[in-house]
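Written below as C-alpha cells is the structure these notes are about.
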Amino acid sequence: MQALRPLVEYAVFGILLLLSVAVVAIALERQRFFSRIDARGYTSRARLESDLTRRLNVIGTVASNAPYLGLLGTVLGIMLTFQTLGATGEMDVKSIMTGLALALKATAAGIVVAIPCVALNNALRRRVRERLTDFDEAHGG
C-alpha cells in the first residue's frame with residue numbers, strides 16, 4: 001500500500017498540471033480569436049455566440065472541478081496514511097504528519113488551479129458579451 005503513495009501524489013498533481021496547461025492554452029487561443037474577430041461581419045447572432053464560446057466550457061469545468069480533484073488527493077492521502085498506521089501499528093508522529101501534509105497539499109493544489117480558472121472564465125465570458133453587444137449594435141438589435 002505504501003507504494004501507492006507516490007502514484008497518488010504524482011497522479012493528482014500531474015492531472016492538475018495538465019489541466020492548467022490546457023486552460024492556459026485555451027485562454028490564449030480564445031484571446032487571440034477575440035482580438036481578431038469582427039462581430040459585425042456575422043449575419044447570425046447564434047453562429048457568433050457559438051464561435052465566441054467555443055472551448056470556454058472546458059475552462060469552466062476545470063474551474064469547478066479542480067478543488068474536487070485536490071480533495072480526492074487529500075482523501076486518498078489520508079486513507080494511505082491511516083492504512084500504513086494500521087498495518088505497522090506504530091504511532092510515529094513524524095510519519096503521520098508527513099502523510100497528512102502530503103494529503104493537504106493536494107487540496108491546496110486544486111484550489112490554486114481553480115482560482116485562476118474562475119478568473120479566466122469570467123474575463124473571457126465578458127469579452128463574449130462585449131462582442132455580442134457589438135453584433136447587436138451593428139444589426140439594430
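In the C-alpha cells, the first chain shown is A, the next is B, and so on; residue numbers restart at 1 for each chain, and ligands run from 1 in the order shown.
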Contacts of Gly77 in chain A at 8 Å or less, counting only C-alpha atoms, minus same-chain residues fewer than 4 places along, as a list of chain:residue names?
->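 Selected residues are A:Arg5, A:Val8, A:Glu9, A:Gly73, A:Thr81, A:Gly99, A:Leu100, A:Leu102, A:Ala103.
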Between A:Asn57, A:Thr98, A:Ser64, A:Ser20, which has the minimum distance to Val118 in chain A (counting only C-alpha atoms)?
->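 Of all the options, A:Ser64 lies closest to Val118 in chain A.
Closest to Arg55 in chain A among A:Asp38, A:Asp136, A:Glu90, A:Glu29 is A:Glu29, based on only C-alpha atoms.
Nearest residue to Val24 in chain A among A:Ser95, A:Asn121, A:Ser44, A:Thr133 is A:Asn121, counting only C-alpha atoms.
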Given only C-alpha atoms as the counted atoms, nearest of A:Arg40, A:Ile59, A:Asp51, A:Val12 to Ala123 in chain A | A:Ile59
Residues near Thr53 in chain A, cut-off 12 Å, only C-alpha atoms, skip fewer than 6 positions along chain, as a list in words |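 That gives Ile26, Ala27, Glu29, Arg30, Gln31, Phe33, Phe34, Ala46, Arg47, Ile59, Gly60, Asn121, Asn122, Leu124, Arg125, Arg126, Arg127, Val128, Arg129, Arg131 and Leu132 of chain A.
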Close residues, Phe13 in chain A itself excluded, 12 Å, only C-alpha atoms, min 6 positions apart in chain, as a PyMOL selection string = chain A and resi 6-7+19-20+66-67+69-74+102-113
Written file, previous selection with C-alpha atoms, as an mmCIF file, in the first residue's frame:
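Result file is part_31.cif:
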data_model
loop_
_atom_site.group_PDB
_atom_site.id
_atom_site.type_symbol
_atom_site.label_atom_id
_atom_site.label_comp_id
_atom_site.auth_asym_id
_atom_site.auth_seq_id
_atom_site.Cartn_x
_atom_site.Cartn_y
_atom_site.Cartn_z
ATOM 1 C CA PRO A 6 3.854 8.353 -4.919
ATOM 2 C CA LEU A 7 1.324 7.217 -7.508
ATOM 3 C CA LEU A 19 -5.488 20.741 -16.805
ATOM 4 C CA SER A 20 -3.733 24.023 -16.008
ATOM 5 C CA ALA A 66 -10.126 21.264 -9.700
ATOM 6 C CA PRO A 67 -10.922 21.598 -5.963
ATOM 7 C CA LEU A 69 -9.566 16.625 -7.695
ATOM 8 C CA GLY A 70 -7.481 18.137 -4.905
ATOM 9 C CA LEU A 71 -9.934 16.831 -2.347
ATOM 10 C CA LEU A 72 -9.736 13.381 -3.903
ATOM 11 C CA GLY A 73 -5.958 13.511 -3.487
ATOM 12 C CA THR A 74 -6.406 14.554 0.125
ATOM 13 C CA LEU A 102 1.178 15.498 1.651
ATOM 14 C CA ALA A 103 -2.555 14.935 1.582
ATOM 15 C CA LEU A 104 -3.363 18.580 2.300
ATOM 16 C CA LYS A 105 -1.001 19.737 -0.454
ATOM 17 C CA ALA A 106 -3.383 18.126 -2.921
ATOM 18 C CA THR A 107 -6.283 20.276 -1.734
ATOM 19 C CA ALA A 108 -4.141 23.393 -1.907
ATOM 20 C CA ALA A 109 -3.074 22.498 -5.455
ATOM 21 C CA GLY A 110 -6.697 22.064 -6.516
ATOM 22 C CA ILE A 111 -7.598 25.483 -5.150
ATOM 23 C CA VAL A 112 -4.533 27.084 -6.736
ATOM 24 C CA VAL A 113 -5.657 25.727 -10.103
#
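When CA of Ile96 in chain A is paired with CA of Asn65 in chain A, their separation reads 27.8 Å.
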Quick one: pull the distance between CA of Tyr42 in chain A and CA of Arg54 in chain A, Å, one decimal.
-> 15.8 Å
Taking into account only C-alpha atoms, which residue in the set A:Ala138, A:Val62, A:Val93, A:Leu85 is nearest to Pro116 in chain A?
-> A:Val62
